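Below is the file protein_2.cif, which contains mmCIF, C-alpha atoms and all ligand atoms.
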data_run
loop_
_atom_site.label_atom_id
_atom_site.label_comp_id
_atom_site.auth_asym_id
_atom_site.auth_seq_id
_atom_site.Cartn_x
_atom_site.Cartn_y
_atom_site.Cartn_z
CA MET D 95 9.61 -13.25 -10.08
CA ASP D 96 7.27 -15.66 -8.30
CA LYS D 97 4.73 -14.53 -5.78
CA LEU D 98 4.01 -16.19 -2.46
CA ASP D 99 1.63 -15.53 0.34
CA GLY D 100 3.38 -14.65 3.60
CA LYS D 101 1.50 -17.32 5.50
CA ARG D 102 2.94 -20.05 3.30
CA VAL D 103 6.56 -19.11 3.96
CA ARG D 104 6.30 -18.65 7.70
CA LYS D 105 8.70 -21.05 9.40
CA ASP D 106 7.31 -21.77 12.81
CA ILE D 107 10.47 -22.32 14.71
CA VAL D 108 10.00 -23.28 18.34
CA ARG D 109 11.33 -20.44 20.44
CA SER D 110 11.98 -20.44 24.15
CA ASN D 111 12.42 -17.66 26.67
CA ILE D 112 15.94 -18.85 27.50
CA VAL D 113 18.79 -16.52 26.60
CA ALA D 114 22.41 -17.39 27.32
CA VAL D 115 25.10 -14.81 27.97
CA GLY D 116 28.76 -15.77 27.60
CA HIS D 117 31.67 -13.56 28.59
CA SER D 118 35.45 -13.94 28.57
CA LYS D 119 37.87 -11.71 30.45
CA LYS D 120 40.35 -11.76 27.59
CA ILE D 121 40.28 -12.88 23.99
CA THR D 122 43.41 -12.70 21.89
CA GLY D 123 43.38 -10.66 18.69
CA THR D 124 40.92 -8.32 16.95
CA PRO D 125 37.67 -8.81 14.95
CA THR D 126 39.62 -9.36 11.75
CA ASP D 127 42.26 -11.70 13.17
CA LEU D 128 41.88 -15.26 12.08
CA ASN D 129 44.89 -16.64 13.92
CA ASN D 130 44.42 -20.02 15.53
CA LYS D 131 44.64 -18.94 19.16
CA SER D 132 42.00 -16.26 18.69
CA LEU D 133 39.72 -18.62 16.76
CA VAL D 134 39.97 -21.30 19.44
CA GLU D 135 39.15 -18.82 22.23
CA VAL D 136 36.14 -17.40 20.38
CA HIS D 137 34.90 -20.86 19.43
CA GLU D 138 35.03 -22.01 23.02
CA LEU D 139 32.94 -19.01 24.11
CA ILE D 140 30.42 -19.37 21.27
CA THR D 141 29.99 -23.13 21.67
CA LYS D 142 29.39 -22.80 25.41
CA THR D 143 26.93 -19.91 24.98
CA ILE D 144 24.89 -21.43 22.14
CA ASP D 145 24.68 -24.81 23.89
CA ARG D 146 23.44 -23.15 27.07
CA SER D 147 20.66 -21.42 25.13
CA CYS D 148 19.19 -24.35 23.17
CA ASN D 149 19.66 -27.84 21.79
CA PHE D 150 21.54 -26.54 18.76
CA LYS D 151 22.44 -29.99 17.50
CA SER D 152 18.81 -31.03 17.13
CA LEU D 153 18.01 -27.74 15.38
CA VAL D 154 20.71 -27.95 12.71
CA HIS D 155 21.21 -31.70 12.26
CA ASN D 156 20.65 -32.71 8.65
CA LYS D 157 19.31 -29.26 7.81
CA VAL D 158 20.14 -26.64 5.20
CA VAL D 159 21.30 -23.74 7.36
CA LEU D 160 21.66 -20.12 6.28
CA ILE D 161 23.93 -17.97 8.44
CA LYS D 162 23.17 -14.24 8.18
CA PRO D 163 25.88 -11.97 9.60
CA ASN D 164 25.88 -8.17 9.42
CA LEU D 165 28.33 -7.06 6.71
CA VAL D 166 26.82 -3.63 6.21
CA ARG D 167 30.02 -1.69 5.49
CA PRO D 168 33.50 -3.09 6.03
CA GLY D 169 36.42 -1.09 7.41
CA LEU D 170 34.72 2.28 7.77
CA ASN D 171 37.34 4.78 9.04
CA GLY D 172 38.95 1.93 10.98
CA LEU D 173 35.72 1.19 12.88
CA GLN D 174 34.59 -2.45 13.11
CA ILE D 175 30.84 -2.28 12.47
CA THR D 176 30.41 -5.65 10.80
CA THR D 177 30.04 -9.01 12.54
CA ASP D 178 33.40 -10.20 13.87
CA LEU D 179 35.05 -12.57 11.39
CA ARG D 180 35.91 -14.90 14.25
CA VAL D 181 32.24 -15.11 15.21
CA ILE D 182 31.17 -15.89 11.63
CA HIS D 183 33.90 -18.53 11.44
CA SER D 184 32.89 -20.06 14.74
CA VAL D 185 29.13 -20.17 14.09
CA ALA D 186 29.74 -21.81 10.70
CA GLN D 187 32.19 -24.26 12.26
CA LYS D 188 29.77 -25.20 15.04
CA THR D 189 26.92 -25.65 12.55
CA ILE D 190 29.06 -28.12 10.59
CA GLU D 191 30.26 -29.87 13.75
CA ASP D 192 26.64 -30.33 14.85
CA GLY D 193 25.70 -32.12 11.65
CA ALA D 194 24.11 -29.61 9.26
CA LYS D 195 23.57 -30.99 5.76
CA ARG D 196 24.55 -27.71 4.04
CA VAL D 197 25.78 -24.42 5.46
CA ILE D 198 25.49 -21.14 3.57
CA ILE D 199 26.75 -17.70 4.63
CA GLY D 200 24.52 -15.10 2.98
CA GLU D 201 24.05 -11.34 3.15
CA LYS D 202 23.29 -8.18 1.21
CA PRO D 203 25.56 -5.47 2.63
CA GLY D 204 24.66 -1.76 2.75
CA TYR D 205 22.83 0.18 0.06
CA LYS D 206 24.60 -0.05 -3.32
CA MET D 207 27.37 -2.25 -1.92
CA PRO D 208 27.77 -5.41 -4.03
CA ALA D 209 27.84 -8.51 -1.83
CA ARG D 210 30.46 -10.29 -3.94
CA LYS D 211 32.94 -7.43 -3.48
CA VAL D 212 32.32 -7.15 0.27
CA PHE D 213 32.59 -10.93 0.83
CA GLU D 214 35.90 -10.95 -1.01
CA GLU D 215 37.36 -7.87 0.67
CA MET D 216 36.33 -8.95 4.15
CA GLY D 217 37.67 -12.48 3.81
CA ILE D 218 34.27 -14.22 4.06
CA ASN D 219 35.00 -16.18 0.88
CA GLN D 220 38.24 -17.42 2.40
CA ILE D 221 36.44 -18.54 5.58
CA ALA D 222 33.84 -20.36 3.48
CA LYS D 223 36.52 -22.07 1.42
CA LYS D 224 38.48 -23.12 4.49
CA LEU D 225 35.40 -24.59 6.22
CA GLY D 226 33.84 -26.04 3.06
CA VAL D 227 30.64 -23.98 3.32
CA GLU D 228 28.78 -22.05 0.61
CA THR D 229 28.29 -18.32 0.16
CA SER D 230 25.25 -16.52 -1.15
CA TYR D 231 25.43 -13.02 -2.59
CA PHE D 232 21.82 -12.04 -2.06
CA ASP D 233 21.96 -9.35 -4.75
CA GLU D 234 22.81 -12.02 -7.35
CA GLU D 235 20.20 -14.61 -6.29
CA PRO D 236 16.77 -15.16 -7.89
CA THR D 237 14.06 -13.49 -5.82
CA LYS D 238 10.44 -14.04 -4.79
CA GLU D 239 7.83 -11.49 -3.97
CA ILE D 240 5.94 -12.20 -0.77
CA GLU D 241 2.72 -10.59 0.34
CA ILE D 242 2.23 -10.24 4.08
CA ALA D 243 -1.38 -9.82 4.97
CA GLU D 244 -0.63 -8.79 8.58
CA ALA D 245 1.99 -6.19 7.63
CA LYS D 246 1.64 -2.72 9.10
CA VAL D 247 3.68 -0.97 6.39
CA PHE D 248 5.78 -3.41 4.38
CA LYS D 249 3.14 -5.34 2.51
CA LYS D 250 5.24 -6.76 -0.33
CA ILE D 251 8.75 -7.98 0.28
CA ILE D 252 11.08 -9.06 -2.46
CA ILE D 253 13.41 -11.55 -0.92
CA PRO D 254 16.25 -13.78 -2.17
CA LYS D 255 14.87 -17.26 -2.86
CA LYS D 256 17.79 -18.71 -0.90
CA VAL D 257 16.36 -17.25 2.31
CA LEU D 258 13.06 -19.05 1.72
CA ASP D 259 14.64 -22.31 0.61
CA CYS D 260 16.83 -22.86 3.67
CA ASP D 261 15.47 -24.99 6.53
CA ILE D 262 16.65 -22.64 9.23
CA LEU D 263 18.20 -19.22 9.56
CA ILE D 264 20.90 -18.35 12.07
CA ASN D 265 20.98 -14.64 12.72
CA VAL D 266 24.40 -13.23 13.69
CA PRO D 267 24.09 -9.47 14.30
CA LYS D 268 26.81 -7.10 15.45
CA VAL D 269 25.81 -5.26 18.63
CA LYS D 270 25.76 -1.51 17.96
CA THR D 271 24.14 1.68 19.04
CA HIS D 272 22.13 3.25 16.23
CA ILE D 273 21.21 6.85 15.41
CA GLN D 274 17.71 5.94 14.28
CA THR D 275 16.72 2.80 16.21
CA ILE D 276 18.81 3.39 19.41
CA ALA D 277 20.34 -0.08 19.07
CA SER D 278 21.01 -2.31 16.06
CA LEU D 279 20.59 -5.91 17.16
CA GLY D 280 18.95 -9.14 15.95
CA ILE D 281 15.67 -7.72 14.62
CA LYS D 282 17.50 -4.90 12.84
CA ASN D 283 19.87 -7.39 11.21
CA LEU D 284 16.93 -8.80 9.25
CA LEU D 285 17.01 -5.68 7.06
CA GLY D 286 19.99 -7.24 5.28
CA LEU D 287 17.65 -9.88 3.86
CA ILE D 288 16.07 -7.38 1.48
CA LEU D 289 17.59 -5.81 -1.57
CA ASP D 290 18.54 -2.26 -2.54
CA ASP D 291 15.28 -1.44 -4.33
CA GLN D 292 13.41 -1.81 -1.04
CA ARG D 293 16.06 -0.65 1.43
CA GLN D 294 15.12 3.01 1.51
CA MET D 295 11.37 2.34 1.61
CA HIS D 296 9.88 3.27 4.99
CA HIS D 297 13.34 4.26 6.25
CA HIS D 298 11.79 7.01 8.36
CA ASN D 299 9.51 6.77 11.40
CA ASP D 300 8.01 3.57 9.96
CA LEU D 301 11.34 1.72 9.94
CA ASN D 302 10.55 -0.18 13.13
CA TYR D 303 7.21 -1.38 11.74
CA LYS D 304 9.04 -2.44 8.59
CA LEU D 305 11.53 -4.48 10.64
CA VAL D 306 8.75 -6.20 12.56
CA ASP D 307 6.92 -6.89 9.28
CA ILE D 308 10.00 -8.78 8.07
CA LEU D 309 10.08 -10.70 11.36
CA ARG D 310 6.47 -11.80 10.79
CA ILE D 311 7.58 -14.06 7.96
CA ILE D 312 11.28 -14.67 8.54
CA LYS D 313 11.96 -16.07 11.98
CA PRO D 314 15.55 -16.87 12.87
CA ALA D 315 15.89 -20.26 14.59
CA VAL D 316 18.81 -19.01 16.64
CA THR D 317 20.26 -15.54 17.14
CA VAL D 318 23.90 -15.21 18.16
CA ALA D 319 24.65 -11.55 18.97
CA ASP D 320 28.27 -10.49 18.59
CA ALA D 321 29.36 -8.13 21.37
CA LEU D 322 33.06 -9.03 21.31
CA TRP D 323 33.90 -5.51 20.09
CA PRO D 324 30.50 -3.78 20.03
CA VAL D 325 29.94 -0.18 18.88
CA GLN D 326 28.85 2.71 21.08
CA GLY D 327 28.19 6.41 20.37
CA GLN D 328 27.27 7.62 16.87
CA GLY D 329 26.59 4.15 15.55
CA PRO D 330 26.09 2.34 13.39
CA LEU D 331 28.53 4.12 11.07
CA ASN D 332 30.48 6.64 13.14
CA GLY D 333 30.73 5.40 16.70
CA GLU D 334 33.60 3.74 18.51
CA ASN D 335 34.36 0.13 19.29
CA ILE D 336 34.37 -1.05 22.89
CA LYS D 337 37.41 -3.27 22.63
CA GLN D 338 37.53 -6.55 24.53
CA PHE D 339 33.91 -6.47 25.68
CA ASN D 340 34.12 -10.17 24.82
CA THR D 341 30.42 -11.00 25.17
CA ILE D 342 28.09 -13.26 23.19
CA ILE D 343 24.32 -13.41 23.67
CA ALA D 344 22.36 -16.33 22.18
CA GLY D 345 18.84 -17.72 22.11
CA THR D 346 16.01 -18.99 19.93
CA ASP D 347 13.81 -15.92 20.42
CA VAL D 348 15.38 -12.95 18.63
CA VAL D 349 13.21 -10.51 20.58
CA ALA D 350 14.39 -11.96 23.90
CA VAL D 351 18.03 -11.96 22.75
CA ASP D 352 17.67 -8.28 21.80
CA ALA D 353 16.03 -7.47 25.14
CA VAL D 354 18.83 -9.09 27.16
CA THR D 355 21.45 -7.39 24.97
CA CYS D 356 19.78 -4.04 25.66
CA SER D 357 19.93 -4.75 29.35
CA ILE D 358 23.69 -5.37 29.06
CA MET D 359 24.03 -2.05 27.15
CA GLY D 360 22.16 -0.17 29.89
CA ILE D 361 19.08 0.38 27.72
CA ASP D 362 15.50 -0.47 28.73
CA PRO D 363 14.41 -2.88 25.95
CA PHE D 364 11.01 -1.21 25.63
CA GLU D 365 12.74 2.03 24.61
CA ILE D 366 13.47 0.23 21.33
CA ASP D 367 10.41 0.55 19.11
CA ASN D 368 10.93 -2.71 17.23
CA ILE D 369 11.28 -4.74 20.46
CA ARG D 370 8.16 -3.13 21.92
CA ILE D 371 6.11 -3.72 18.76
CA ALA D 372 7.30 -7.32 18.36
CA ASP D 373 6.55 -8.09 22.02
CA MET D 374 3.09 -6.53 21.85
CA GLU D 375 2.25 -8.48 18.71
CA GLY D 376 3.35 -11.79 20.26
CA LEU D 377 6.31 -12.28 17.94
CA GLY D 378 8.69 -12.80 20.85
CA CYS D 379 9.33 -11.77 24.42
CA GLY D 380 10.85 -8.37 25.17
CA ASN D 381 9.93 -8.39 28.85
CA LEU D 382 13.05 -9.04 30.92
CA MET D 383 10.93 -10.34 33.82
CA LYS D 384 9.74 -13.22 31.62
CA ILE D 385 13.15 -14.17 30.19
CA LYS D 386 15.36 -16.78 31.81
CA VAL D 387 19.01 -15.78 31.52
CA LYS D 388 21.66 -18.48 31.73
CA GLY D 389 25.42 -17.96 32.07
CA THR D 390 26.89 -14.58 32.99
CA LYS D 391 24.48 -12.21 34.74
CA PRO D 392 23.86 -9.06 32.63
CA THR D 393 24.33 -6.87 35.74
CA LYS D 394 27.85 -8.26 36.17
CA ILE D 395 29.03 -7.01 32.78
CA ARG D 396 26.59 -4.14 32.21
CA LYS D 397 28.11 -1.07 30.66
CA TYR D 398 26.06 2.04 29.91
CA PHE D 399 26.83 2.41 26.21
CA LYS D 400 27.18 5.97 24.95
CA ARG D 401 24.02 6.61 22.95
CA ALA D 402 23.85 8.02 19.44
CA CYS D 403 22.33 11.47 18.98
CA MET D 404 19.97 11.86 16.00
CA SER D 405 19.67 15.65 15.84
CA SER D 406 22.41 17.84 14.36
CA MET D 407 21.30 20.98 16.23
CA GLY D 408 24.18 22.46 18.19
CA ALA D 409 26.49 19.57 17.32
CA PHE D 410 28.85 21.29 14.85
CA PRO D 411 30.09 24.88 15.30
CA ASN D 412 29.78 25.84 11.62
CA VAL D 413 26.43 24.13 10.96
CA LEU D 414 22.97 25.55 11.51
CA SER D 415 20.51 22.67 11.37
CA MET D 416 16.85 23.70 11.11
CA GLU D 417 14.73 20.61 11.71
CA GLY D 418 11.15 21.84 11.96
CA GLY D 419 8.80 18.97 11.25
CA ALA D 420 11.53 16.58 10.10
CA CYS D 421 11.09 12.93 11.00
CA GLN D 422 13.67 10.30 11.93
CA GLY D 423 14.48 9.54 8.28
CA CYS D 424 15.90 12.95 7.42
CA LEU D 425 17.28 13.69 10.88
CA SER D 426 19.31 10.49 11.00
CA SER D 427 20.54 10.83 7.41
CA VAL D 428 21.75 14.40 7.94
CA ARG D 429 23.54 13.42 11.14
CA HIS D 430 25.17 10.37 9.56
CA SER D 431 26.65 12.50 6.79
CA LEU D 432 27.80 15.33 9.07
CA ASP D 433 29.43 12.86 11.47
CA LYS D 434 31.30 11.27 8.58
CA LEU D 435 32.40 14.65 7.19
CA GLN D 436 33.64 15.59 10.65
CA VAL D 437 35.50 12.32 11.26
CA GLU D 438 37.24 12.80 7.90
CA ASN D 439 38.11 16.41 8.74
CA LEU D 440 36.09 17.71 5.77
CA LEU D 441 33.39 19.55 7.67
CA GLN D 442 35.92 21.68 9.51
CA LYS D 443 37.16 23.04 6.16
CA LYS D 444 33.79 24.59 5.34
CA GLU D 445 32.80 28.04 6.55
CA ALA D 446 29.11 28.20 7.34
CA ILE D 447 26.45 25.70 6.36
CA ALA D 448 22.72 25.87 6.89
CA ILE D 449 20.70 22.68 6.44
CA TYR D 450 16.91 22.67 6.34
CA SER D 451 14.96 19.44 6.79
CA GLY D 452 11.22 18.91 7.33
CA MET D 453 8.21 20.86 6.06
CA GLN D 454 8.38 23.53 8.74
CA SER D 455 12.10 24.33 8.74
CA ILE D 456 11.86 27.20 6.25
CA LYS D 457 9.24 29.57 7.56
CA GLU D 458 10.17 32.85 5.94
CA ASP D 459 12.94 34.11 3.68
CA LYS D 460 14.47 36.09 6.50
CA ASN D 461 14.86 32.88 8.45
CA ILE D 462 17.40 31.67 5.92
CA ALA D 463 20.94 31.97 7.16
CA PRO D 464 22.86 34.75 5.36
CA ASN D 465 26.33 34.06 3.88
CA SER D 466 25.89 30.32 4.28
CA GLU D 467 26.04 27.38 1.97
CA ILE D 468 22.35 26.47 2.05
CA TRP D 469 20.99 22.96 1.72
CA LEU D 470 17.44 21.68 1.52
CA PHE D 471 17.46 18.09 2.69
CA GLY D 472 14.62 15.70 1.80
CA ASP D 473 11.38 16.08 -0.13
CA CYS D 474 9.54 17.72 2.79
CA ALA D 475 12.03 20.59 3.02
CA CYS D 476 11.78 21.08 -0.76
CA LEU D 477 8.00 21.12 -0.59
CA GLY D 478 8.07 23.56 2.33
CA ALA D 479 10.41 25.88 0.41
CA LYS D 480 8.28 25.61 -2.73
CA GLN D 481 5.17 26.58 -0.82
CA LYS D 482 6.87 29.58 0.83
CA ASN D 483 8.81 30.85 -2.14
CA GLY D 484 9.41 28.76 -5.26
CA ASP D 485 12.41 30.94 -6.20
CA LEU D 486 14.25 29.57 -3.20
CA LEU D 487 14.77 26.31 -5.05
CA LYS D 488 16.96 28.11 -7.58
CA LYS D 489 19.30 29.46 -4.95
CA VAL D 490 19.99 26.46 -2.78
CA HIS D 491 21.51 23.01 -2.97
CA ILE D 492 19.00 20.22 -2.84
CA VAL D 493 19.23 16.64 -1.63
CA PRO D 494 15.95 15.00 -2.67
CA GLY D 495 14.44 11.79 -1.30
CA CYS D 496 12.16 10.49 1.41
CA PRO D 497 14.49 10.02 3.08
CA PRO D 498 17.66 10.63 1.10
CA HIS D 499 20.29 7.96 1.74
CA VAL D 500 22.49 8.40 4.82
CA PHE D 501 25.49 9.42 2.73
CA ASP D 502 23.72 11.53 0.07
CA LEU D 503 24.57 14.78 1.85
CA TYR D 504 28.14 13.63 2.37
CA LYS D 505 28.50 12.83 -1.32
CA ALA D 506 26.76 16.00 -2.49
CA MET D 507 28.95 18.20 -0.29
CA ASN D 508 32.06 16.61 -1.78
CA LYS D 509 31.03 17.20 -5.38
CA THR D 510 32.02 20.27 -7.32
CA GLU D 511 28.57 20.26 -8.87
CA VAL D 512 25.66 19.68 -6.56
CA PRO D 513 22.05 18.94 -7.45
CA THR D 514 19.94 22.06 -7.57
CA SER D 515 16.56 20.75 -8.64
CA MET D 516 13.96 18.42 -7.21
CA GLU D 517 14.18 16.29 -10.36
CA HIS D 518 17.71 15.23 -9.51
S1 LIG C 1 11.22 13.80 3.44
FE1 LIG C 1 9.82 14.22 5.14
S2 LIG C 1 8.71 12.28 5.55
FE2 LIG C 1 10.49 11.84 4.24
S3 LIG C 1 12.04 11.22 5.68
FE3 LIG C 1 12.30 13.43 5.34
S4 LIG C 1 11.14 14.46 6.92
FE4 LIG C 1 10.51 12.30 6.89
#

Translate the structure described by the file into structure tokens.
Amino acid sequence: MDKLDGKRVRKDIVRSNIVAVGHSKKITGTPTDLNNKSLVEVHELITKTIDRSCNFKSLVHNKVVLIKPNLVRPGLNGLQITTDLRVIHSVAQKTIEDGAKRVIIGEKPGYKMPARKVFEEMGINQIAKKLGVETSYFDEEPTKEIEIAEAKVFKKIIIPKKVLDCDILINVPKVKTHIQTIASLGIKNLLGLILDDQRQMHHHNDLNYKLVDILRIIKPAVTVADALWPVQGQGPLNGENIKQFNTIIAGTDVVAVDAVTCSIMGIDPFEIDNIRIADMEGLGCGNLMKIKVKGTKPTKIRKYFKRACMSSMGAFPNVLSMEGGACQGCLSSVRHSLDKLQVENLLQKKEAIAIYSGMQSIKEDKNIAPNSEIWLFGDCACLGAKQKNGDLLKKVHIVPGCPPHVFDLYKAMNKTEVPTSMEH
């Protein structure tokens, strides 16, 4: 593994404060339909929107272009949370049409999900073959370690070499609400550039600093946000699609694209930590007053997206969630798992469950719910229990980690044998 200094890999792409919004009343088909009519309609919308936002041709001509969609988890309970296949197809097609030398579609999907399998199952390999573009499974590529002197939390990033070798990066996020970051947009999509070993690092209150630290060295030349069928509610993994929202947002400044997208979703951009931090540090413009919007006015199509709720308190009749002192990492992971168990009708089959997260959640023995299946979630809860009464650790189920992965509780609750020690 080679090492590089962050300053040497910074690609100073010219960014402007122009963001284009494109909207169609009706688009045939669904996010996984690759029929001709649907592809033509989406391509028309994408071409018009991108060309309104920048001189795309001059950006991609004769360049090696990496397209980074969001393929986090395909086909989750029928929910479309990945970038629309038609959008990936269209962005790749336009990049070829505008004279790119080489086009590569690359991604590392969610934690422990092999890219090769996801590309195959989703049909990305077929799109690449049809258009004559390359694919890159980031988890199979050689990597480089990069030190970022200015980083707030994420000082060493191990990144696929392919990401550093391309001339420009086109960022193609799926627009979603998000339990932990309120919205998952262009800046959040950069998390897919790093590999499993570093995914869970700082995945608590520092996540937004981590995302901005990635943005310090990897700057997308263009961001094309897919809001054809965006996700609202308990996103990113358990919400609901807003069908036929048929909107694309594009621009050269990912922070500005995210800000305008927030405005369309009925969210003040400065509520989103990563937008606020990036704006304050001069990495882009999150201030709507300073952004020039072309195309459809956000107020014309604005819809107040249902927000995701991070806490599990009072959300499930048979669950007592004690969250004293827990941070975003554990709160969001517990909620992700409980939402999934509920959607799959598994939570309803359990009698009573008590989940403790955070250092302060277990105060005294008598505070522990009687006759319940008891879970300590995260290292803080384990430490809190150990300090109060070490014997507690023998009686309860434990999900260790800081934070544990979003589906660790889901998996542990579905096992006949569950971990009962901190060493697990
Ligand atoms: S273990 Fe503690 S610090 Fe780590 S994510 Fe959970 S609550 Fe936050």

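Selecting all polymer residues at most 8 Å from ligand LIG 1 (chain C), using all atoms listed in the file, gives D:His297, D:His298, D:Asn299, D:Gly419, D:Ala420, D:Cys421, D:Gln422, D:Gly423, D:Cys424, D:Leu425, D:Ser451, D:Gly452, D:Met453, D:Phe471, D:Gly472, D:Asp473, D:Cys474, D:Ala475, D:Pro494, D:Gly495, D:Cys496, D:Pro497, D:Pro498.
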
Need to verify the contact set: D:Ile281, 10 Å, only C-alpha atoms, exclusion of same-chain residues closer than 5 positions in sequence. Can you return it as a count of residues only?
17

Enumerate, as JSON, numbers by chain, the protein, DNA and RNA residues whose atoms approach (20.9, -2.4, 29.5) to within 9 Å, taking into account only C-alpha atoms and the coordinate frame of the file.
{"D": [353, 354, 355, 356, 357, 358, 359, 360, 361, 362, 363, 392, 393, 396, 397, 398, 399]}

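Across the structure, atom CA of D:Cys403 and atom CA of D:Ile371 are spaced 22.2 Å apart.
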
Would you kindly return, as a ChimeraX atom specification, each protein, DNA or RNA residue with an atom no farther than 9 Å from any atom of stretch 197-199 of chain D, considering all atoms listed in the file and excluding same-chain residues fewer than 6 positions away?
/D:157-163,182,186,189-190,218,222,226-231,260

Residues within 12 Å of D:Asn508, only C-alpha atoms, excluding chain neighbours under 5 positions, as a count of residues only:
13
